[in-house]
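Here is the file final.cif (mmCIF, C-alpha atoms and all ligand atoms).
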data_start
loop_
_atom_site.label_atom_id
_atom_site.label_comp_id
_atom_site.auth_asym_id
_atom_site.auth_seq_id
_atom_site.Cartn_x
_atom_site.Cartn_y
_atom_site.Cartn_z
CA MET A 94 231.64 75.42 -2.30
CA ARG A 95 235.20 76.33 -1.41
CA GLN A 96 235.42 79.84 0.03
CA ILE A 97 238.75 81.65 -0.14
CA ARG A 98 239.64 84.54 2.09
CA LEU A 99 243.03 86.20 2.01
CA SER A 100 244.49 86.53 5.48
CA ALA A 101 245.77 89.85 6.79
CA ALA A 102 249.30 88.47 6.57
CA VAL A 103 248.81 87.55 2.95
CA LEU A 104 247.33 90.92 2.13
CA THR A 105 250.27 92.61 3.79
CA ALA A 106 252.68 90.42 1.88
CA LEU A 107 250.85 91.23 -1.32
CA ALA A 108 251.00 94.93 -0.63
CA LEU A 109 254.73 94.58 -0.11
CA THR A 110 255.08 92.92 -3.48
CA LEU A 111 253.21 95.53 -5.42
CA PRO A 112 256.10 97.83 -5.94
CA ALA A 113 257.10 97.93 -8.65
CA SER A 114 259.05 98.65 -11.60
CA ALA A 115 261.39 95.77 -12.18
CA ALA A 116 264.26 97.95 -11.06
CA ALA A 117 262.70 98.87 -7.73
CA ALA A 118 261.78 95.26 -7.16
CA ALA A 119 265.35 94.16 -7.71
CA ASP A 120 266.62 96.42 -4.95
CA ASP A 121 264.69 95.15 -2.00
CA GLN A 122 263.30 91.73 -2.76
CA PRO A 123 264.18 88.57 -4.59
CA ALA A 124 263.77 88.98 -8.33
CA THR A 125 261.88 85.73 -8.56
CA GLY A 126 259.17 86.71 -6.13
CA LEU A 127 258.16 86.12 -2.56
CA HIS A 128 258.60 82.38 -2.41
CA GLN A 129 261.51 81.54 -4.59
CA ASN A 130 261.26 77.89 -3.79
CA THR A 131 257.53 77.46 -4.20
CA ALA A 132 256.22 76.93 -7.70
CA LEU A 133 252.65 77.83 -8.56
CA ARG A 134 251.80 74.20 -9.18
CA ASP A 135 253.09 73.22 -5.74
CA ALA A 136 251.17 76.00 -4.03
CA ALA A 137 247.87 74.93 -5.61
CA PRO A 138 245.37 73.03 -3.48
CA SER A 139 245.08 69.33 -4.13
CA GLY A 140 243.16 68.64 -7.33
CA PHE A 141 243.47 72.18 -8.62
CA VAL A 142 245.62 72.63 -11.73
CA ILE A 143 247.36 75.82 -12.73
CA GLY A 144 248.17 75.92 -16.41
CA SER A 145 249.80 77.87 -19.19
CA ALA A 146 249.42 78.04 -22.93
CA VAL A 147 252.40 76.52 -24.74
CA ALA A 148 253.80 79.27 -26.95
CA GLY A 149 254.25 78.36 -30.61
CA GLY A 150 252.59 78.75 -33.99
CA GLY A 151 250.03 81.53 -34.57
CA HIS A 152 251.43 85.03 -34.12
CA HIS A 153 254.80 83.65 -33.01
CA GLN A 154 255.51 82.67 -36.59
CA ASP A 155 255.61 86.36 -37.56
CA GLU A 156 258.22 87.20 -34.92
CA ASP A 157 261.99 87.02 -35.26
CA TYR A 158 262.56 84.81 -32.20
CA PRO A 159 262.82 81.01 -32.44
CA ASP A 160 259.82 78.84 -31.61
CA PRO A 161 259.50 79.37 -27.84
CA PHE A 162 258.50 75.84 -26.85
CA THR A 163 261.29 74.10 -28.71
CA GLY A 164 263.89 76.88 -28.87
CA ASP A 165 263.87 78.75 -25.54
CA GLN A 166 265.33 76.56 -22.83
CA GLU A 167 264.57 78.98 -19.96
CA TYR A 168 260.97 79.19 -21.11
CA ARG A 169 260.75 75.43 -21.29
CA ARG A 170 262.17 74.98 -17.83
CA ILE A 171 259.68 77.38 -16.24
CA LEU A 172 256.80 75.84 -18.17
CA GLY A 173 257.60 72.48 -16.63
CA GLU A 174 258.39 73.69 -13.14
CA GLU A 175 255.61 76.19 -12.52
CA PHE A 176 252.56 74.72 -14.21
CA SER A 177 250.52 71.54 -13.82
CA SER A 178 248.47 71.87 -17.00
CA LEU A 179 249.36 72.82 -20.57
CA SER A 180 247.18 74.14 -23.38
CA ALA A 181 248.36 74.14 -26.97
CA GLU A 182 248.26 77.84 -27.87
CA ASN A 183 248.03 77.04 -31.58
CA GLN A 184 249.46 73.58 -32.16
CA MET A 185 246.15 71.69 -32.02
CA LYS A 186 244.18 74.10 -34.18
CA TRP A 187 243.07 73.12 -37.65
CA ASP A 188 245.59 75.28 -39.51
CA HIS A 189 248.36 73.54 -37.62
CA LEU A 190 247.07 69.96 -37.64
CA ARG A 191 245.57 69.85 -41.10
CA PRO A 192 247.87 70.82 -43.98
CA SER A 193 245.47 69.05 -46.35
CA ARG A 194 242.14 67.30 -46.38
CA ASP A 195 243.80 63.92 -46.30
CA GLY A 196 246.68 64.78 -44.03
CA TYR A 197 247.35 65.28 -40.35
CA ALA A 198 250.51 66.87 -38.94
CA PHE A 199 250.79 65.75 -35.35
CA ASP A 200 254.46 66.37 -34.56
CA ASP A 201 254.03 69.62 -32.63
CA ALA A 202 250.95 68.45 -30.75
CA ASP A 203 252.63 65.13 -29.94
CA ALA A 204 255.63 67.01 -28.55
CA ILE A 205 253.41 68.96 -26.16
CA VAL A 206 251.62 65.86 -24.94
CA ALA A 207 254.92 64.01 -24.45
CA TYR A 208 256.43 66.96 -22.56
CA ALA A 209 253.35 67.16 -20.34
CA GLN A 210 253.64 63.48 -19.54
CA ASP A 211 257.32 63.86 -18.69
CA ASN A 212 256.44 66.68 -16.32
CA GLY A 213 253.32 65.18 -14.76
CA GLN A 214 251.02 67.77 -16.34
CA ASP A 215 247.44 67.68 -17.57
CA VAL A 216 246.72 68.77 -21.13
CA ARG A 217 243.81 70.89 -22.35
CA GLY A 218 243.05 70.35 -26.04
CA HIS A 219 242.23 73.50 -28.02
CA THR A 220 240.16 73.37 -30.24
CA LEU A 221 237.92 71.27 -32.51
CA LEU A 222 235.13 73.48 -33.88
CA TRP A 223 235.99 77.16 -34.41
CA HIS A 224 235.49 79.91 -36.95
CA SER A 225 239.14 81.00 -36.94
CA GLN A 226 242.50 79.53 -37.94
CA ASN A 227 240.96 77.12 -40.39
CA PRO A 228 243.01 76.09 -43.43
CA ASP A 229 242.18 77.58 -46.83
CA TRP A 230 241.45 74.16 -48.30
CA LEU A 231 238.60 73.90 -45.77
CA GLU A 232 237.22 77.45 -45.90
CA ASN A 233 237.39 77.68 -49.70
CA GLY A 234 236.71 74.06 -50.60
CA ASN A 235 233.06 74.43 -51.66
CA PHE A 236 232.25 71.17 -49.95
CA SER A 237 228.75 69.75 -49.83
CA GLN A 238 227.03 69.47 -46.47
CA GLU A 239 227.68 65.74 -46.42
CA GLU A 240 231.35 66.26 -47.15
CA LEU A 241 231.73 68.93 -44.46
CA ARG A 242 230.06 66.74 -41.87
CA GLU A 243 232.34 63.90 -42.79
CA ILE A 244 235.42 66.15 -42.64
CA LEU A 245 234.53 67.32 -39.12
CA ARG A 246 233.63 63.85 -37.91
CA ASP A 247 236.88 62.41 -39.23
CA HIS A 248 238.88 65.25 -37.66
CA ILE A 249 237.33 64.87 -34.24
CA GLU A 250 237.55 61.09 -34.22
CA THR A 251 241.16 61.15 -35.39
CA VAL A 252 242.45 63.93 -33.15
CA VAL A 253 240.52 63.12 -29.98
CA GLY A 254 241.10 59.42 -30.56
CA ARG A 255 244.85 59.90 -30.94
CA TYR A 256 245.12 61.47 -27.50
CA ALA A 257 242.44 59.42 -25.76
CA GLY A 258 243.28 59.19 -22.06
CA GLN A 259 246.00 61.82 -22.43
CA ILE A 260 244.00 65.02 -22.85
CA HIS A 261 242.03 65.88 -19.77
CA GLN A 262 239.73 68.54 -21.22
CA TRP A 263 238.87 69.50 -24.79
CA ASP A 264 237.56 72.85 -25.95
CA VAL A 265 235.17 71.16 -28.34
CA ALA A 266 233.36 74.32 -29.48
CA ASN A 267 235.21 77.62 -29.30
CA GLU A 268 233.66 81.08 -29.63
CA ILE A 269 230.44 80.02 -31.35
CA PHE A 270 228.49 83.12 -30.20
CA ASP A 271 229.23 86.78 -30.87
CA ASP A 272 229.19 89.33 -28.07
CA GLY A 273 225.47 89.94 -28.60
CA GLY A 274 224.74 86.29 -27.89
CA ASN A 275 224.00 85.46 -31.53
CA LEU A 276 225.29 82.27 -33.08
CA ARG A 277 228.09 82.93 -35.53
CA THR A 278 226.07 81.91 -38.56
CA GLY A 279 228.25 84.01 -40.89
CA ASP A 280 231.89 83.32 -40.13
CA ASN A 281 231.69 79.87 -38.53
CA ILE A 282 231.77 77.51 -41.52
CA TRP A 283 230.32 74.60 -39.56
CA ILE A 284 227.31 76.44 -38.20
CA ARG A 285 226.75 78.42 -41.39
CA GLU A 286 226.72 75.34 -43.61
CA LEU A 287 225.34 72.69 -41.25
CA GLY A 288 223.25 74.54 -38.68
CA VAL A 289 223.54 74.56 -34.90
CA GLY A 290 222.91 70.82 -34.73
CA ILE A 291 226.52 70.24 -35.72
CA VAL A 292 227.60 71.52 -32.30
CA GLY A 293 225.86 68.68 -30.49
CA ASP A 294 227.29 66.21 -33.00
CA ALA A 295 230.79 67.51 -32.33
CA PHE A 296 230.35 66.80 -28.63
CA ARG A 297 228.96 63.33 -29.36
CA TRP A 298 231.83 62.42 -31.69
CA ALA A 299 234.40 63.69 -29.21
CA HIS A 300 232.82 61.71 -26.40
CA ALA A 301 232.78 58.55 -28.47
CA ALA A 302 236.46 59.04 -29.33
CA ASP A 303 237.50 59.58 -25.70
CA PRO A 304 234.85 58.90 -23.05
CA SER A 305 237.27 60.01 -20.33
CA ALA A 306 237.80 63.56 -21.65
CA GLU A 307 235.80 66.46 -20.25
CA LEU A 308 234.20 68.34 -23.12
CA TYR A 309 233.90 72.12 -22.96
CA PHE A 310 232.36 75.21 -24.48
CA ASN A 311 235.00 77.95 -24.39
CA ASP A 312 234.73 81.67 -25.15
CA TYR A 313 235.90 85.20 -24.31
CA ASN A 314 233.73 87.97 -22.85
CA VAL A 315 231.66 85.38 -21.00
CA GLU A 316 233.14 86.06 -17.57
CA ASP A 317 230.16 88.09 -16.43
CA VAL A 318 226.49 87.28 -16.61
CA ASN A 319 225.69 88.91 -19.96
CA ALA A 320 224.01 88.25 -23.31
CA LYS A 321 226.82 86.03 -24.49
CA SER A 322 227.09 83.88 -21.35
CA ASP A 323 223.26 83.73 -21.28
CA ALA A 324 223.36 82.26 -24.78
CA TYR A 325 225.76 79.54 -23.60
CA TYR A 326 223.62 78.87 -20.58
CA GLU A 327 220.50 78.35 -22.69
CA LEU A 328 222.22 76.26 -25.35
CA THR A 329 223.91 74.10 -22.74
CA ARG A 330 220.60 73.49 -20.99
CA GLU A 331 219.03 72.41 -24.27
CA LEU A 332 221.91 70.13 -25.18
CA LEU A 333 221.98 68.51 -21.75
CA ALA A 334 218.23 67.90 -21.98
CA GLU A 335 218.88 66.11 -25.28
CA GLY A 336 221.55 63.99 -23.63
CA VAL A 337 224.49 65.61 -25.43
CA PRO A 338 227.74 65.00 -23.51
CA VAL A 339 228.64 68.57 -22.59
CA HIS A 340 230.74 68.56 -19.42
CA GLY A 341 232.15 72.02 -18.99
CA PHE A 342 231.95 75.72 -19.59
CA SER A 343 235.09 77.82 -19.64
CA ALA A 344 235.65 81.55 -19.66
CA GLN A 345 238.86 82.48 -21.45
CA THR A 346 239.27 85.54 -19.20
CA HIS A 347 241.22 87.89 -21.43
CA LEU A 348 240.89 90.94 -19.20
CA SER A 349 241.92 94.54 -19.70
CA LEU A 350 242.48 97.11 -16.97
CA GLN A 351 240.54 99.68 -18.96
CA TYR A 352 237.30 97.69 -18.83
CA GLY A 353 237.24 96.86 -15.13
CA PHE A 354 237.08 93.48 -13.44
CA PRO A 355 234.09 91.28 -14.33
CA SER A 356 232.51 91.28 -10.90
CA GLY A 357 229.92 88.65 -11.81
CA LEU A 358 232.54 86.01 -12.57
CA GLN A 359 231.92 83.77 -9.58
CA THR A 360 228.14 84.06 -9.86
CA ASN A 361 228.36 83.19 -13.53
CA LEU A 362 230.52 80.12 -12.94
CA GLU A 363 228.14 79.03 -10.19
CA ARG A 364 225.12 79.02 -12.48
CA PHE A 365 226.92 76.72 -14.91
CA GLU A 366 227.98 74.53 -12.02
CA ALA A 367 224.32 74.34 -11.00
CA LEU A 368 223.63 72.82 -14.42
CA GLY A 369 226.02 70.04 -13.47
CA LEU A 370 228.99 71.35 -15.44
CA SER A 371 232.62 71.73 -14.55
CA THR A 372 234.03 75.18 -15.13
CA ALA A 373 237.49 76.53 -15.87
CA LEU A 374 239.34 79.75 -16.64
CA THR A 375 241.34 78.86 -19.70
CA GLU A 376 243.23 81.82 -21.20
CA VAL A 377 243.75 84.30 -18.39
CA ASP A 378 245.72 87.47 -19.05
CA VAL A 379 245.33 91.08 -17.98
CA ARG A 380 246.47 93.66 -20.48
CA MET A 381 247.08 97.34 -19.94
CA GLN A 382 247.55 100.45 -22.02
CA LEU A 383 251.23 101.06 -22.72
CA PRO A 384 251.26 103.71 -25.43
CA GLY A 385 254.47 104.01 -27.37
CA GLY A 386 255.94 101.02 -25.57
CA ALA A 387 255.75 102.66 -22.12
CA GLU A 388 256.74 100.67 -19.03
CA PRO A 389 253.88 99.67 -16.70
CA THR A 390 253.36 102.02 -13.77
CA GLU A 391 253.30 100.79 -10.19
CA GLN A 392 249.56 101.35 -10.15
CA GLN A 393 249.05 99.31 -13.31
CA LEU A 394 251.11 96.45 -11.87
CA ALA A 395 249.13 96.57 -8.63
CA ASP A 396 245.81 96.61 -10.48
CA GLN A 397 246.94 93.77 -12.69
CA ALA A 398 247.92 91.70 -9.66
CA ASP A 399 244.52 92.40 -8.16
CA TYR A 400 242.70 91.24 -11.32
CA TYR A 401 244.72 88.03 -11.52
CA ALA A 402 244.09 87.27 -7.84
CA ARG A 403 240.38 87.99 -8.09
CA ALA A 404 239.96 85.80 -11.15
CA LEU A 405 241.78 82.96 -9.42
CA GLU A 406 239.77 83.44 -6.23
CA ALA A 407 236.51 83.30 -8.17
CA CYS A 408 237.53 79.96 -9.65
CA LEU A 409 238.80 78.59 -6.34
CA ASN A 410 235.50 79.57 -4.72
CA VAL A 411 233.52 77.40 -7.14
CA SER A 412 234.02 73.75 -6.32
CA GLY A 413 233.68 72.55 -9.93
CA CYS A 414 236.28 75.05 -11.15
CA ASP A 415 239.56 73.23 -10.78
CA SER A 416 241.59 74.51 -13.70
CA PHE A 417 243.09 77.99 -14.14
CA THR A 418 245.29 78.62 -17.15
CA VAL A 419 247.26 81.72 -18.08
CA TRP A 420 247.53 82.47 -21.79
CA GLY A 421 251.26 82.35 -22.00
CA PHE A 422 254.30 84.14 -20.62
CA PRO A 423 256.46 86.20 -20.61
CA ASP A 424 255.16 89.45 -22.13
CA LYS A 425 257.37 89.14 -25.20
CA TYR A 426 255.48 85.99 -26.22
CA SER A 427 252.00 87.35 -25.55
CA TRP A 428 249.47 87.65 -28.36
CA VAL A 429 248.23 90.99 -26.98
CA PRO A 430 250.55 93.57 -28.61
CA ASN A 431 249.95 91.95 -32.01
CA THR A 432 246.21 92.41 -31.63
CA PHE A 433 245.72 95.56 -29.55
CA GLU A 434 247.78 98.55 -30.65
CA GLY A 435 249.40 100.26 -27.66
CA GLU A 436 248.48 97.53 -25.18
CA GLY A 437 250.57 94.82 -23.58
CA GLY A 438 252.20 93.77 -20.35
CA ALA A 439 249.50 91.13 -19.96
CA THR A 440 251.36 88.18 -18.44
CA VAL A 441 252.81 87.47 -15.00
CA TYR A 442 256.48 87.35 -16.10
CA TRP A 443 258.85 90.08 -17.23
CA ASP A 444 260.74 89.32 -20.41
CA ASP A 445 263.83 88.24 -18.44
CA TYR A 446 261.68 85.66 -16.60
CA THR A 447 261.65 87.48 -13.31
CA THR A 448 258.17 87.56 -11.86
CA LYS A 449 255.74 90.43 -11.59
CA PRO A 450 253.48 91.34 -8.67
CA ALA A 451 250.76 89.44 -10.52
CA TYR A 452 252.77 86.24 -10.13
CA ASP A 453 253.06 86.81 -6.40
CA ALA A 454 249.35 87.51 -6.23
CA LEU A 455 248.63 84.14 -7.86
CA LEU A 456 251.07 82.37 -5.59
CA GLU A 457 249.67 83.92 -2.43
CA THR A 458 246.11 83.21 -3.48
CA LEU A 459 246.96 79.58 -4.10
CA LEU A 460 248.78 79.28 -0.79
CA ALA A 461 245.87 80.87 1.03
CA ALA A 462 243.50 78.39 -0.60
CA GLY A 463 245.67 75.39 0.20
O1 LIG B 1 247.48 83.18 -28.79
C1 LIG B 1 247.01 82.82 -30.07
C2 LIG B 1 247.83 83.52 -31.14
O2 LIG B 1 249.14 83.00 -31.16
C3 LIG B 1 247.18 83.36 -32.49
O3 LIG B 1 247.90 84.14 -33.45
C4 LIG B 1 245.73 83.78 -32.41
C5 LIG B 1 245.02 83.66 -33.74
O4 LIG B 1 243.65 83.67 -33.62
O5 LIG B 1 245.06 82.98 -31.44
C6 LIG B 1 245.54 83.20 -30.16
O6 LIG B 1 244.82 82.45 -29.21
C7 LIG B 1 243.43 82.72 -29.12
C8 LIG B 1 242.76 81.44 -28.67
O7 LIG B 1 243.06 80.39 -29.55
C9 LIG B 1 241.25 81.62 -28.57
N1 LIG B 1 240.91 82.73 -27.74
C10 LIG B 1 241.58 83.99 -28.04
C11 LIG B 1 243.09 83.78 -28.07
C12 LIG B 1 243.81 85.10 -28.30
O8 LIG B 1 243.50 85.61 -29.55
#
Take the structure from the file and write it as structure tokens.
Amino acid sequence: MRQIRLSAAVLTALALTLPASAAAAADDQPATGLHQNTALRDAAPSGFVIGSAVAGGGHHQDEDYPDPFTGDQEYRRILGEEFSSLSAENQMKWDHLRPSRDGYAFDDADAIVAYAQDNGQDVRGHTLLWHSQNPDWLENGNFSQEELREILRDHIETVVGRYAGQIHQWDVANEIFDDGGNLRTGDNIWIRELGVGIVGDAFRWAHAADPSAELYFNDYNVEDVNAKSDAYYELTRELLAEGVPVHGFSAQTHLSLQYGFPSGLQTNLERFEALGLSTALTEVDVRMQLPGGAEPTEQQLADQADYYARALEACLNVSGCDSFTVWGFPDKYSWVPNTFEGEGGATVYWDDYTTKPAYDALLETLLAAG
């Protein structure tokens, strides 16, 4: 177990960087943060990857800006310089990859994998079995059980097989439990039509298609020890006992200042590690209430920095947790305002790509760990 303690000097430095409206920050410190020449990926301890979602598809398609990944050169530069792992925010989901039952559309996913290779980055694949963002032809196809099984098997073999050796971790099953810890037997087409056994099959098919990929369960609201994370713990134990190749458990870590920090995060990760699993934080962001488009207060920015640092520390403290991914940047590309009315400010970059106190908190935490 790797224990991280922030030194007094680091804490002082952090306090100095928690000003801050962007304007105040610009007056007395470099706009790009404490260590202008140190990227997050370079500050990370050996073997620890710091990732970002690659913005594109999904809610971005409803916005009036160009596709961020292909159309925003500043975004693209920072994505390559700062991060050592990339997750497809939407480009490897069914609605993106599967325009039809017989067709696959790999261009956008291929572009992410190629970019990652050019920049020496890992890739997390997201996702293979989910209740959301499925194409209409699938959800409304009235397929028989045999057909559905075959459709999922073909998808997993084709997609995982295409990127074999190039995608480090796959979110094989995403969000299969509700917050009460009940399987999504209503809205998850796979589980509703085929039963929970299909989950183990998905892991088996993925493993056969790429034996080198680490295969994960991934969900939100599983940071703490609670009914939902308990459900994953029990299911994972059962699957492992059956010999199903489950390798990891990841907490998305979509946090909100109004709900408090999930103080059981490290303990929760540790119990999955004790099962023999790797762990990861895969979609980290920290949103805040900004009614009427208000600017974040200094206190909100300080609290946000604290949440980011504590989440990262929890992961760094668990030896099998070696991947920490933020769910995009800057705030203008975040999914949050589209989903939570009056909330936002969730990422570590301002819209002009200057960094927030939360960025400095991540950087300092990584440096302290290294
Ligand atoms: O960030 C994604 C956004 O662009 C999409 O519109 C949205 C649709 O469901 O999905 C977002 O990403 C989600 C991720 O795939 C799974 N965990 C929750 C994320 C935020 O909703």
Have a look at atom CA of Asp188 of chain A and atom CA of Pro159 of chain A and let me know their distance in Å, one decimal.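 We find that atom CA of Asp188 of chain A and atom CA of Pro159 of chain A lie 19.5 Å from each other.
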Considering all atoms listed in the file, tabulate each residue of chain A that lies at most 10 Å from ligand LIG 1 (chain B) along with its nearest interatomic pair and the corresponding distance in Å to one decimal; arrange the rows by chain and ascending residue number and present them as JSON lines.
{"residue": "A:Ala146", "atom": "CA", "partner": "B:LIG1", "partner_atom": "O1", "distance": 8.0}
{"residue": "A:Val147", "atom": "CA", "partner": "B:LIG1", "partner_atom": "O1", "distance": 9.2}
{"residue": "A:Ala148", "atom": "CA", "partner": "B:LIG1", "partner_atom": "O2", "distance": 7.3}
{"residue": "A:Gly149", "atom": "CA", "partner": "B:LIG1", "partner_atom": "O2", "distance": 6.9}
{"residue": "A:Gly150", "atom": "CA", "partner": "B:LIG1", "partner_atom": "O2", "distance": 6.2}
{"residue": "A:Gly151", "atom": "CA", "partner": "B:LIG1", "partner_atom": "O3", "distance": 3.6}
{"residue": "A:His152", "atom": "CA", "partner": "B:LIG1", "partner_atom": "O3", "distance": 3.7}
{"residue": "A:His153", "atom": "CA", "partner": "B:LIG1", "partner_atom": "O2", "distance": 6.0}
{"residue": "A:Gln154", "atom": "CA", "partner": "B:LIG1", "partner_atom": "O3", "distance": 8.4}
{"residue": "A:Asp155", "atom": "CA", "partner": "B:LIG1", "partner_atom": "O3", "distance": 9.0}
{"residue": "A:Ser180", "atom": "CA", "partner": "B:LIG1", "partner_atom": "O7", "distance": 9.7}
{"residue": "A:Ala181", "atom": "CA", "partner": "B:LIG1", "partner_atom": "O7", "distance": 8.6}
{"residue": "A:Glu182", "atom": "CA", "partner": "B:LIG1", "partner_atom": "O1", "distance": 5.5}
{"residue": "A:Asn183", "atom": "CA", "partner": "B:LIG1", "partner_atom": "C1", "distance": 6.1}
{"residue": "A:Gln184", "atom": "CA", "partner": "B:LIG1", "partner_atom": "O2", "distance": 9.5}
{"residue": "A:Met185", "atom": "CA", "partner": "B:LIG1", "partner_atom": "O7", "distance": 9.6}
{"residue": "A:Lys186", "atom": "CA", "partner": "B:LIG1", "partner_atom": "O7", "distance": 7.9}
{"residue": "A:His219", "atom": "CA", "partner": "B:LIG1", "partner_atom": "O7", "distance": 7.1}
{"residue": "A:Thr220", "atom": "CA", "partner": "B:LIG1", "partner_atom": "O7", "distance": 7.6}
{"residue": "A:Trp223", "atom": "CA", "partner": "B:LIG1", "partner_atom": "C9", "distance": 9.0}
{"residue": "A:His224", "atom": "CA", "partner": "B:LIG1", "partner_atom": "O4", "distance": 9.6}
{"residue": "A:Ser225", "atom": "CA", "partner": "B:LIG1", "partner_atom": "O4", "distance": 6.2}
{"residue": "A:Gln226", "atom": "CA", "partner": "B:LIG1", "partner_atom": "O4", "distance": 6.1}
{"residue": "A:Asn227", "atom": "CA", "partner": "B:LIG1", "partner_atom": "O4", "distance": 9.8}
{"residue": "A:Asp264", "atom": "CA", "partner": "B:LIG1", "partner_atom": "C9", "distance": 9.9}
{"residue": "A:Asn267", "atom": "CA", "partner": "B:LIG1", "partner_atom": "C9", "distance": 7.3}
{"residue": "A:Glu268", "atom": "CA", "partner": "B:LIG1", "partner_atom": "N1", "distance": 7.7}
{"residue": "A:Asn311", "atom": "CA", "partner": "B:LIG1", "partner_atom": "N1", "distance": 8.3}
{"residue": "A:Asp312", "atom": "CA", "partner": "B:LIG1", "partner_atom": "N1", "distance": 6.8}
{"residue": "A:Tyr313", "atom": "CA", "partner": "B:LIG1", "partner_atom": "N1", "distance": 6.6}
{"residue": "A:Ala344", "atom": "CA", "partner": "B:LIG1", "partner_atom": "N1", "distance": 9.7}
{"residue": "A:Gln345", "atom": "CA", "partner": "B:LIG1", "partner_atom": "N1", "distance": 6.6}
{"residue": "A:Thr346", "atom": "CA", "partner": "B:LIG1", "partner_atom": "N1", "distance": 9.1}
{"residue": "A:His347", "atom": "CA", "partner": "B:LIG1", "partner_atom": "C10", "distance": 7.7}
{"residue": "A:Thr375", "atom": "CA", "partner": "B:LIG1", "partner_atom": "N1", "distance": 8.9}
{"residue": "A:Glu376", "atom": "CA", "partner": "B:LIG1", "partner_atom": "N1", "distance": 7.0}
{"residue": "A:Val377", "atom": "CA", "partner": "B:LIG1", "partner_atom": "C11", "distance": 9.7}
{"residue": "A:Asp378", "atom": "CA", "partner": "B:LIG1", "partner_atom": "C12", "distance": 9.7}
{"residue": "A:Trp420", "atom": "CA", "partner": "B:LIG1", "partner_atom": "O1", "distance": 7.0}
{"residue": "A:Gly421", "atom": "CA", "partner": "B:LIG1", "partner_atom": "O1", "distance": 7.8}
{"residue": "A:Tyr426", "atom": "CA", "partner": "B:LIG1", "partner_atom": "O2", "distance": 8.6}
{"residue": "A:Ser427", "atom": "CA", "partner": "B:LIG1", "partner_atom": "O1", "distance": 7.0}
{"residue": "A:Trp428", "atom": "CA", "partner": "B:LIG1", "partner_atom": "O1", "distance": 4.9}
{"residue": "A:Val429", "atom": "CA", "partner": "B:LIG1", "partner_atom": "C12", "distance": 7.5}
{"residue": "A:Asn431", "atom": "CA", "partner": "B:LIG1", "partner_atom": "O3", "distance": 8.2}
{"residue": "A:Thr432", "atom": "CA", "partner": "B:LIG1", "partner_atom": "O8", "distance": 7.6}
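Atom CA of Phe310 of chain A is found 21.4 Å from atom CA of Ser177 of chain A.
Pairwise distance (atom CA of Tyr326 of chain A, atom CA of Phe417 of chain A) equals 20.5 Å.
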Would you pick out the contacts of segment 382-399 of chain A at 8 Å or less, using all atoms listed in the file, so that residues sharing its chain but fewer than 2 positions from it are not included, and give the list as an mmCIF file with C-alpha atoms, keeping the file's coordinate frame?
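File written: result_15.cif
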data_model
loop_
_atom_site.group_PDB
_atom_site.id
_atom_site.type_symbol
_atom_site.label_atom_id
_atom_site.label_comp_id
_atom_site.auth_asym_id
_atom_site.auth_seq_id
_atom_site.Cartn_x
_atom_site.Cartn_y
_atom_site.Cartn_z
ATOM 1 C CA LEU A 111 253.210 95.530 -5.420
ATOM 2 C CA PRO A 112 256.100 97.830 -5.940
ATOM 3 C CA ALA A 113 257.100 97.930 -8.650
ATOM 4 C CA SER A 114 259.050 98.650 -11.600
ATOM 5 C CA LEU A 350 242.480 97.110 -16.970
ATOM 6 C CA GLN A 351 240.540 99.680 -18.960
ATOM 7 C CA VAL A 379 245.330 91.080 -17.980
ATOM 8 C CA ARG A 380 246.470 93.660 -20.480
ATOM 9 C CA TYR A 401 244.720 88.030 -11.520
ATOM 10 C CA ALA A 402 244.090 87.270 -7.840
ATOM 11 C CA ARG A 403 240.380 87.990 -8.090
ATOM 12 C CA GLY A 435 249.400 100.260 -27.660
ATOM 13 C CA GLU A 436 248.480 97.530 -25.180
ATOM 14 C CA GLY A 437 250.570 94.820 -23.580
ATOM 15 C CA GLY A 438 252.200 93.770 -20.350
ATOM 16 C CA LYS A 449 255.740 90.430 -11.590
ATOM 17 C CA PRO A 450 253.480 91.340 -8.670
ATOM 18 C CA ALA A 451 250.760 89.440 -10.520
ATOM 19 C CA TYR A 452 252.770 86.240 -10.130
ATOM 20 C CA ASP A 453 253.060 86.810 -6.400
ATOM 21 C CA ALA A 454 249.350 87.510 -6.230
ATOM 22 C CA LEU A 455 248.630 84.140 -7.860
#
Non-local contacts of Thr360 of chain A (10 Å; all atoms listed in the file; under 6 positions in same chain excluded) as a PyMOL selection string: chain A and resi 316-318+366+407+411
Tell me, as an MDAnalysis selection string, which residues lie within 8 Å of segment 301-306 of chain A, counting only C-alpha atoms; anything in the same chain fewer than 6 positions away does not count. chainID A and resid 249:251 253:254 257:258 260:263
Counting only C-alpha atoms, which of A:Asn130, A:Val292, A:Glu156, A:Arg277 gets nearest to Lys425 of chain A?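 Nearest to Lys425 of chain A: A:Glu156.
When all atoms listed in the file are used to compute distances to Ala295 of chain A, the closest of the residues A:Asp160, A:Ile244, A:Tyr325, A:Ser343 turns out to be A:Ile244.
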Who sits within 10 Å of Asp135 of chain A, all atoms listed in the file, same chain under 4 positions skipped, as a list of chain:residue names: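 Listed by chain and then number, they are A:Asn130, A:Thr131, A:Ser139, A:Val142, A:Ile143, A:Glu174, A:Glu175, A:Phe176, A:Ser177, A:Leu456, A:Leu459, A:Leu460, A:Gly463.
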Which one of A:Asn212, A:Ser237, A:Asn410, A:Thr329 sits closest to Glu286 of chain A if you count only C-alpha atoms?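 Looking at the shortest contact to Glu286 of chain A, the residue is A:Ser237.
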Long-range neighbours of Val339 of chain A as a ChimeraX atom specification, 9 Å cut-off, only C-alpha atoms, 3 positions minimum in chain: /A:293,296-297,300,307-310,329,332-333,336,342,370
